[in-house]
file protein24.cif (mmCIF, C-alpha atoms)
data_coords
#
loop_
_atom_site.label_atom_id
_atom_site.label_comp_id
_atom_site.auth_asym_id
_atom_site.auth_seq_id
_atom_site.Cartn_x
_atom_site.Cartn_y
_atom_site.Cartn_z
CA MET A 1 0.00 0.00 0.00
CA PHE A 2 2.78 2.41 0.86
CA SER A 3 4.95 2.12 -2.17
CA ARG A 4 7.41 4.69 -1.01
CA PRO A 5 8.71 4.92 2.49
CA LEU A 6 7.05 8.18 3.40
CA PHE A 7 7.91 9.24 6.95
CA LEU A 8 10.10 6.21 7.51
CA ALA A 9 13.19 8.35 7.60
CA SER A 10 11.66 10.59 10.19
CA LEU A 11 10.05 7.89 12.27
CA ARG A 12 11.88 7.34 15.50
CA GLN A 13 11.30 4.68 18.07
CA ALA A 14 8.32 3.55 16.13
CA ALA A 15 9.47 0.05 15.34
CA ARG A 16 7.19 -1.05 18.12
CA PRO A 17 4.75 -3.90 18.26
CA VAL A 18 1.89 -1.61 17.43
CA ALA A 19 0.87 -3.43 14.29
CA ARG A 20 -2.77 -3.18 15.18
CA GLN A 21 -4.92 -2.14 12.32
CA ALA A 22 -5.44 1.58 12.24
CA VAL A 23 -9.06 2.52 11.89
CA LEU A 24 -9.15 4.67 8.81
CA ARG A 25 -11.81 7.21 9.43
CA PRO A 26 -11.47 10.94 9.19
CA ALA A 27 -11.07 12.82 12.41
CA PRO A 28 -14.36 14.57 13.23
CA PHE A 29 -12.83 18.03 13.18
CA LEU A 30 -11.79 17.81 9.56
CA THR A 31 -14.14 19.71 7.36
CA ALA A 32 -15.05 18.41 3.94
CA PHE A 33 -12.96 21.16 2.39
CA GLN A 34 -9.84 20.17 4.27
CA GLN A 35 -10.31 16.51 3.51
CA ARG A 36 -10.42 17.35 -0.14
CA LEU A 37 -7.16 19.31 0.03
CA LEU A 38 -5.30 16.54 1.76
CA SER A 39 -4.39 13.77 -0.67
CA ASP A 40 -5.55 10.29 0.31
CA HIS A 41 -1.97 9.16 0.31
CA THR A 42 -0.83 11.86 2.72
CA LYS A 43 -3.85 11.37 4.90
CA GLN A 44 -3.31 7.64 5.20
CA ALA A 45 0.36 8.12 5.94
CA ILE A 46 -0.47 10.62 8.69
CA GLU A 47 -3.14 8.35 10.11
CA LYS A 48 -0.54 5.62 10.22
CA ALA A 49 1.89 7.97 11.97
CA VAL A 50 -0.72 9.07 14.49
CA SER A 51 -1.50 5.40 15.24
CA SER A 52 2.13 4.34 15.47
CA ALA A 53 2.27 4.73 19.25
CA PRO A 54 -0.07 5.81 22.06
CA VAL A 55 1.84 9.09 22.45
CA VAL A 56 2.88 10.77 19.21
CA LEU A 57 4.62 14.12 18.87
CA PHE A 58 5.05 15.91 15.56
CA MET A 59 8.00 18.18 16.08
CA LYS A 60 10.81 20.15 14.48
CA GLY A 61 14.01 18.17 14.88
CA THR A 62 14.42 15.03 16.95
CA PRO A 63 13.90 14.41 20.66
CA GLU A 64 17.69 14.42 21.08
CA THR A 65 18.22 17.60 19.06
CA PRO A 66 15.05 19.67 18.77
CA GLN A 67 15.29 22.45 16.19
CA CYS A 68 12.80 24.78 17.80
CA GLY A 69 12.26 26.00 21.35
CA PHE A 70 8.60 25.01 21.37
CA SER A 71 9.41 21.48 20.25
CA ARG A 72 12.15 21.33 22.87
CA ALA A 73 9.77 22.45 25.61
CA SER A 74 7.25 19.81 24.57
CA ILE A 75 9.83 17.03 24.66
CA GLN A 76 11.02 18.23 28.07
CA ILE A 77 7.49 18.14 29.43
CA LEU A 78 6.84 14.63 28.14
CA SER A 79 10.09 13.50 29.66
CA LEU A 80 9.37 15.23 33.00
CA GLN A 81 6.00 13.54 33.03
CA GLY A 82 7.75 10.20 32.65
CA VAL A 83 6.20 9.09 29.39
CA ASN A 84 7.31 5.54 28.67
CA PRO A 85 9.71 5.62 25.69
CA THR A 86 8.22 2.38 24.38
CA LYS A 87 4.86 4.12 24.08
CA PHE A 88 6.19 7.19 22.37
CA ALA A 89 7.01 8.13 18.80
CA ALA A 90 8.25 11.45 17.45
CA PHE A 91 8.10 12.57 13.85
CA ASN A 92 10.43 15.23 12.53
CA VAL A 93 8.42 17.40 10.17
CA LEU A 94 11.57 19.12 8.91
CA GLU A 95 12.54 15.90 7.16
CA ASP A 96 9.36 15.66 5.17
CA ASP A 97 7.59 18.59 3.52
CA GLU A 98 4.51 16.51 2.83
CA LEU A 99 4.24 15.67 6.51
CA ARG A 100 4.96 19.26 7.50
CA SER A 101 2.12 20.73 5.53
CA GLY A 102 -0.12 17.67 5.76
CA ILE A 103 -0.17 17.50 9.54
CA LYS A 104 -1.32 21.11 9.75
CA GLU A 105 -4.35 20.35 7.63
CA PHE A 106 -4.96 16.97 9.19
CA SER A 107 -5.13 18.45 12.68
CA ASP A 108 -6.59 21.79 11.57
CA TRP A 109 -3.74 23.30 13.55
CA PRO A 110 -1.29 25.71 11.91
CA THR A 111 1.77 25.22 14.12
CA ILE A 112 4.25 22.56 15.16
CA PRO A 113 4.67 20.83 17.65
CA GLN A 114 1.47 18.84 17.92
CA LEU A 115 0.73 16.11 20.41
CA TYR A 116 -1.56 13.13 19.86
CA LEU A 117 -2.64 10.75 22.59
CA ASP A 118 -4.40 7.56 21.54
CA LYS A 119 -4.91 9.06 18.08
CA GLU A 120 -6.64 12.11 19.51
CA PHE A 121 -5.24 15.58 19.09
CA VAL A 122 -4.30 17.10 22.44
CA GLY A 123 -2.77 20.43 21.48
CA GLY A 124 0.37 22.41 20.80
CA CYS A 125 3.11 23.62 23.08
CA ASP A 126 1.09 26.24 24.99
CA ILE A 127 -1.62 23.71 25.78
CA LEU A 128 0.97 21.18 26.90
CA VAL A 129 2.60 23.74 29.17
CA SER A 130 -0.66 24.79 30.77
CA MET A 131 -1.82 21.17 31.17
CA HIS A 132 1.55 20.35 32.68
CA GLN A 133 1.17 23.18 35.16
CA ASP A 134 -2.40 22.51 36.21
CA GLY A 135 -1.89 18.78 36.58
CA SER A 136 -4.33 17.73 33.87
CA LEU A 137 -1.58 16.33 31.65
CA ALA A 138 -0.30 14.04 34.40
CA LYS A 139 -3.84 12.83 35.01
CA MET A 140 -4.48 12.20 31.34
CA LEU A 141 -1.19 10.34 30.76
CA GLU A 142 -1.79 8.27 33.89
CA GLU A 143 -5.29 7.34 32.78
CA LYS A 144 -4.04 6.31 29.37
CA GLY A 145 -1.38 4.13 30.98
CA VAL A 146 1.53 5.58 29.02
CA LEU A 147 3.85 6.44 31.89
CA THR A 148 6.92 4.46 32.82
CA PRO A 149 5.91 2.17 35.69
CA LEU A 150 7.52 3.18 38.96
CA GLY A 151 10.08 0.76 40.32
CA ASP A 152 9.51 -0.67 43.81
CA SER A 153 12.01 1.69 45.34
CA ALA A 154 10.31 4.68 43.82
CA ALA A 155 6.82 3.59 44.81
CA GLU A 156 4.99 5.67 47.36
CA MET B 1 0.96 56.46 6.69
CA ALA B 2 1.71 52.75 6.74
CA SER B 3 1.82 51.22 10.17
CA GLU B 4 5.15 50.12 11.60
CA THR B 5 3.45 47.11 13.11
CA PRO B 6 0.93 45.77 10.59
CA MET B 7 0.85 42.27 12.10
CA GLU B 8 0.29 43.46 15.64
CA ASP B 9 -2.41 45.80 14.36
CA ALA B 10 -4.09 42.94 12.51
CA ILE B 11 -4.03 40.75 15.62
CA ARG B 12 -5.50 43.56 17.72
CA THR B 13 -8.21 44.44 15.24
CA LYS B 14 -9.31 40.91 14.42
CA VAL B 15 -9.27 39.58 17.97
CA THR B 16 -11.07 42.65 19.27
CA GLU B 17 -13.77 42.48 16.60
CA ALA B 18 -14.41 38.77 16.87
CA LEU B 19 -13.94 38.07 20.57
CA SER B 20 -14.60 41.39 22.37
CA PRO B 21 -11.89 40.50 24.88
CA SER B 22 -11.97 42.00 28.37
CA ARG B 23 -8.19 41.76 28.25
CA LEU B 24 -5.88 41.62 25.26
CA GLU B 25 -2.12 41.77 25.59
CA ILE B 26 0.14 41.35 22.61
CA PHE B 27 3.85 40.77 23.12
CA ASN B 28 6.17 40.87 20.16
CA ASP B 29 8.93 38.37 20.93
CA SER B 30 10.39 38.43 17.42
CA HIS B 31 13.73 39.87 18.53
CA LYS B 32 14.31 36.79 20.68
CA HIS B 33 14.07 34.60 17.62
CA ALA B 34 15.78 36.73 15.01
CA HIS B 35 18.79 34.39 14.98
CA HIS B 36 16.69 31.34 14.04
CA LYS B 37 17.58 29.77 10.76
CA PRO B 38 14.04 30.00 9.36
CA MET B 39 14.11 33.73 10.13
CA GLN B 40 17.17 34.41 7.97
CA GLY B 41 16.20 36.94 5.37
CA SER B 42 13.09 37.99 7.26
CA ARG B 43 13.11 41.67 8.05
CA SER B 44 9.54 42.08 9.17
CA GLY B 45 10.37 42.09 12.89
CA GLU B 46 6.89 40.70 13.41
CA THR B 47 7.28 36.94 13.31
CA HIS B 48 6.86 35.74 16.90
CA PHE B 49 3.98 36.83 19.09
CA ARG B 50 2.69 35.97 22.52
CA VAL B 51 -0.92 36.88 23.02
CA VAL B 52 -3.01 36.81 26.16
CA ILE B 53 -6.74 36.92 25.56
CA THR B 54 -9.48 36.93 28.16
CA SER B 55 -12.87 36.59 26.57
CA GLU B 56 -16.38 35.30 27.23
CA ALA B 57 -16.20 33.77 23.77
CA PHE B 58 -14.03 30.97 25.20
CA ARG B 59 -16.66 29.83 27.65
CA SER B 60 -17.48 26.11 27.43
CA LYS B 61 -14.75 25.57 24.86
CA MET B 62 -11.76 23.31 25.47
CA GLN B 63 -8.30 24.82 24.94
CA PRO B 64 -7.74 23.37 21.44
CA ALA B 65 -11.05 24.85 20.29
CA ARG B 66 -10.08 28.24 21.75
CA HIS B 67 -6.74 28.21 19.99
CA ARG B 68 -8.34 27.12 16.73
CA LEU B 69 -10.73 30.04 17.03
CA VAL B 70 -7.80 32.47 17.23
CA TYR B 71 -5.76 30.68 14.57
CA GLY B 72 -8.81 30.89 12.33
CA LEU B 73 -9.02 34.67 12.78
CA LEU B 74 -5.34 35.02 11.86
CA ARG B 75 -5.26 32.43 9.10
CA ASP B 76 -4.04 34.89 6.46
CA GLU B 77 -1.37 36.41 8.67
CA MET B 78 -0.03 32.96 9.57
CA ALA B 79 -0.11 31.63 6.03
CA ALA B 80 1.57 34.65 4.45
CA ASP B 81 5.21 34.41 3.41
CA GLY B 82 7.15 36.31 6.06
CA GLY B 83 4.02 36.40 8.16
CA ILE B 84 3.51 35.17 11.71
CA HIS B 85 5.82 32.22 12.31
CA ALA B 86 4.94 31.47 15.91
CA LEU B 87 1.94 32.45 17.99
CA GLN B 88 1.90 31.64 21.68
CA LEU B 89 -1.57 31.81 23.08
CA ARG B 90 -3.09 32.06 26.51
CA THR B 91 -6.83 31.89 26.11
CA ILE B 92 -8.98 32.15 29.21
CA THR B 93 -12.44 33.24 30.28
CA PRO B 94 -12.99 36.11 32.74
CA GLU B 95 -13.95 33.55 35.38
CA GLU B 96 -10.76 31.59 34.89
CA GLU B 97 -8.77 34.80 35.08
CA GLU B 98 -10.46 35.63 38.38
CA ARG B 99 -9.80 32.14 39.75
CA GLN B 100 -6.16 32.40 38.73
CA LYS B 101 -5.86 35.75 40.48
CA VAL B 102 -7.25 34.34 43.72
CA LYS B 103 -4.89 31.38 43.47
CA ASP B 104 -1.87 33.59 42.79
CA GLU B 105 -2.67 35.75 45.79
CA ALA B 106 -3.17 32.71 48.01
CA GLU B 107 0.25 31.49 46.97
CA LYS B 108 1.82 34.84 47.70
CA ALA B 109 0.26 35.05 51.14
#

call {"tool": "encode", "arguments": {"input": "protein24.cif", "output": "C-alpha cells"}}
result
Amino acid sequence: MFSRPLFLASLRQAARPVARQAVLRPAPFLTAFQQRLLSDHTKQAIEKAVSSAPVVLFMKGTPETPQCGFSRASIQILSLQGVNPTKFAAFNVLEDDELRSGIKEFSDWPTIPQLYLDKEFVGGCDILVSMHQDGSLAKMLEEKGVLTPLGDSAAE
Amino acid sequence: MASETPMEDAIRTKVTEALSPSRLEIFNDSHKHAHHKPMQGSRSGETHFRVVITSEAFRSKMQPARHRLVYGLLRDEMAADGGIHALQLRTITPEEEERQKVKDEAEKA
C-alpha cells in the first residue's frame, strides 16, 4: 500500500509492536474542504503515523536535538512527566515537507509541535505547558497508561 | 501612513472584533528569535507573538477549540510568506482569570 517509504526516515522509536490495524476514518474536526485538500496518500500516511504509538509528537528536529524551542519544551514536558519511551514516537516534520504541511491540515492546527494521545489531538506547546502546570496532563497520561511504571524503590 | 506594526495591528483588530476581549495583551517576541535559521532573510520584525486573551467567547470551549478560534481569525497572517511564524496563546475566560488571580494571591500570602 505504501509504495514509497514516506515518513520512515523521520520515524523514531516507532518500530514497536503496534501493528494493530489503524481505523481509517477521518477525524471529526476535519471539514469536507480540508479533507479534499489533503491527498488520500498523505492522509493515510499521517493516520498511520498518528497510530504508530499511544503518544505521538510531531515536532521540528528530533527528541535528542530539537530544532525549535517550542518542540524542545514539549519534549522536556513529556520526559518530565515520565512518558514511557516504548509508548512514544516522534516525527520530525523538517525531514518531510509533505508531513509538515499535511499534519497542519490533518489536525486543523497551523503550528508545530502537535501532540496526539491515543490518536486524539491534544494540542500544541502552549496547551501542553498549561496542562503540565495545572496537573491535567499528568492525570491524562496516567489514565491512558503511558507512563513508565515506577520501580519498587520509587513507589509511594 | 503605513503602520510600523501591521501584524500586531491585525491581531488587535481581528481579535477585538471577533472576541470582544476584556483583556488583550500582545507581546512581540520576534527579537528573541531573530537568529533562528528560518528567520534568515526575514526583516519584518513581526514573526513571533505571545498573546493573552481573556474573553467570554471561550466559555465552554476546550483549549484546542479556543486556539483554533484564534488561529482561524489570523489564518491569512499565519499563512503569508514572512508572516507570523509562531503564535503563543493564553486563552482564558474572565472567570478563569479571576480564579487564577485568587490562586496567585493565596500562593503569595

call {"tool": "resolve_selection", "arguments": {"input": "protein24.cif", "expression": "the PyMOL selection byres ((chain B) within 9 of (chain A))", "output": "PyMOL selection string"}}
result
chain B and resi 36+63-64+67-68+71+75+78-79+85-90

call {"tool": "atom_distance", "arguments": {"input": "protein24.cif", "atom1": "atom CA of A:Leu115", "atom2": "atom CA of B:Ala18"}}
result
27.5 Å

call {"tool": "atom_distance", "arguments": {"input": "protein24.cif", "atom1": "atom CA of A:His41", "atom2": "atom CA of A:Ala89"}}
result
20.6 Å

call {"tool": "closest_atom_pairs", "arguments": {"input": "protein24.cif", "of": "stretch 102-149 of chain A", "to": "stretch 46-59 of chain A", "cutoff": "8 Å", "atoms": "only C-alpha atoms", "output": "CSV"}}
result
residue,atom,partner,partner_atom,distance
A:Gly102,CA,A:Ile46,CA,7.6
A:Ile103,CA,A:Ile46,CA,6.9
A:Phe106,CA,A:Ile46,CA,7.8
A:Ile112,CA,A:Met59,CA,5.8
A:Pro113,CA,A:Met59,CA,4.5
A:Gln114,CA,A:Phe58,CA,5.2
A:Leu115,CA,A:Leu57,CA,4.6
A:Tyr116,CA,A:Val56,CA,5.1
A:Leu117,CA,A:Val55,CA,4.8
A:Asp118,CA,A:Pro54,CA,4.7
A:Lys119,CA,A:Val50,CA,5.5
A:Val146,CA,A:Pro54,CA,7.1

call {"tool": "resolve_selection", "arguments": {"input": "protein24.cif", "expression": "the PyMOL selection byres ((chain B and resi 50) around 12)", "output": "PDB file with C-alpha atoms, in the coordinates of the input"}}
result
ATOM      1  CA  ASP A 126       1.090  26.240  24.990  1.00  0.00           C
TER       2      ASP A 126
ATOM      3  CA  GLU B   8       0.290  43.460  15.640  1.00  0.00           C
ATOM      4  CA  ILE B  11      -4.030  40.750  15.620  1.00  0.00           C
ATOM      5  CA  LEU B  24      -5.880  41.620  25.260  1.00  0.00           C
ATOM      6  CA  GLU B  25      -2.120  41.770  25.590  1.00  0.00           C
ATOM      7  CA  ILE B  26       0.140  41.350  22.610  1.00  0.00           C
ATOM      8  CA  PHE B  27       3.850  40.770  23.120  1.00  0.00           C
ATOM      9  CA  ASN B  28       6.170  40.870  20.160  1.00  0.00           C
ATOM     10  CA  ASP B  29       8.930  38.370  20.930  1.00  0.00           C
ATOM     11  CA  SER B  30      10.390  38.430  17.420  1.00  0.00           C
ATOM     12  CA  LYS B  32      14.310  36.790  20.680  1.00  0.00           C
ATOM     13  CA  GLU B  46       6.890  40.700  13.410  1.00  0.00           C
ATOM     14  CA  THR B  47       7.280  36.940  13.310  1.00  0.00           C
ATOM     15  CA  HIS B  48       6.860  35.740  16.900  1.00  0.00           C
ATOM     16  CA  PHE B  49       3.980  36.830  19.090  1.00  0.00           C
ATOM     17  CA  VAL B  51      -0.920  36.880  23.020  1.00  0.00           C
ATOM     18  CA  VAL B  52      -3.010  36.810  26.160  1.00  0.00           C
ATOM     19  CA  ILE B  53      -6.740  36.920  25.560  1.00  0.00           C
ATOM     20  CA  ILE B  84       3.510  35.170  11.710  1.00  0.00           C
ATOM     21  CA  HIS B  85       5.820  32.220  12.310  1.00  0.00           C
ATOM     22  CA  ALA B  86       4.940  31.470  15.910  1.00  0.00           C
ATOM     23  CA  LEU B  87       1.940  32.450  17.990  1.00  0.00           C
ATOM     24  CA  GLN B  88       1.900  31.640  21.680  1.00  0.00           C
ATOM     25  CA  LEU B  89      -1.570  31.810  23.080  1.00  0.00           C
ATOM     26  CA  ARG B  90      -3.090  32.060  26.510  1.00  0.00           C
ATOM     27  CA  THR B  91      -6.830  31.890  26.110  1.00  0.00           C
TER      28      THR B  91
END

call {"tool": "closest_residue", "arguments": {"input": "protein24.cif", "among": "B:Pro94, B:Pro38, B:Gly83, B:Pro21", "to": "B:Pro6", "atoms": "all atoms listed in the file"}}
result
B:Gly83

call {"tool": "closest_residue", "arguments": {"input": "protein24.cif", "among": "B:Glu98, B:Glu105, B:Glu4, B:Asp76", "to": "B:Ser44", "atoms": "only C-alpha atoms"}}
result
B:Glu4

call {"tool": "atom_distance", "arguments": {"input": "protein24.cif", "atom1": "atom CA of A:Leu38", "atom2": "atom CA of B:Glu77"}}
result
21.4 Å

call {"tool": "residues_around", "arguments": {"input": "protein24.cif", "residues": "stretch 13-15 of chain B", "least_positions_apart": "5", "cutoff": "8 Å", "atoms": "all atoms listed in the file", "output": "list of chain:residue names"}}
result
B:Ser20, B:Pro21, B:Val70, B:Leu73, B:Leu74

call {"tool": "residues_around", "arguments": {"input": "protein24.cif", "residues": "A:Leu94", "least_positions_apart": "5", "cutoff": "7 Å", "atoms": "all atoms listed in the file", "output": "PDB file with C-alpha atoms, keeping the file's coordinate frame"}}
result
ATOM      1  CA  LYS A  60      10.810  20.150  14.480  1.00  0.00           C
ATOM      2  CA  GLY A  61      14.010  18.170  14.880  1.00  0.00           C
ATOM      3  CA  ARG A 100       4.960  19.260   7.500  1.00  0.00           C
TER       4      ARG A 100
END

call {"tool": "resolve_selection", "arguments": {"input": "protein24.cif", "expression": "the PyMOL selection byres ((chain A and resi 64) around 12)", "output": "ChimeraX atom specification"}}
result
/A:12,59-63,65-68,71-72,75-76,79,90,92

call {"tool": "closest_residue", "arguments": {"input": "protein24.cif", "among": "B:Arg66, B:Lys37, B:Thr93, B:Leu19", "to": "B:Thr54", "atoms": "only C-alpha atoms"}}
result
B:Thr93
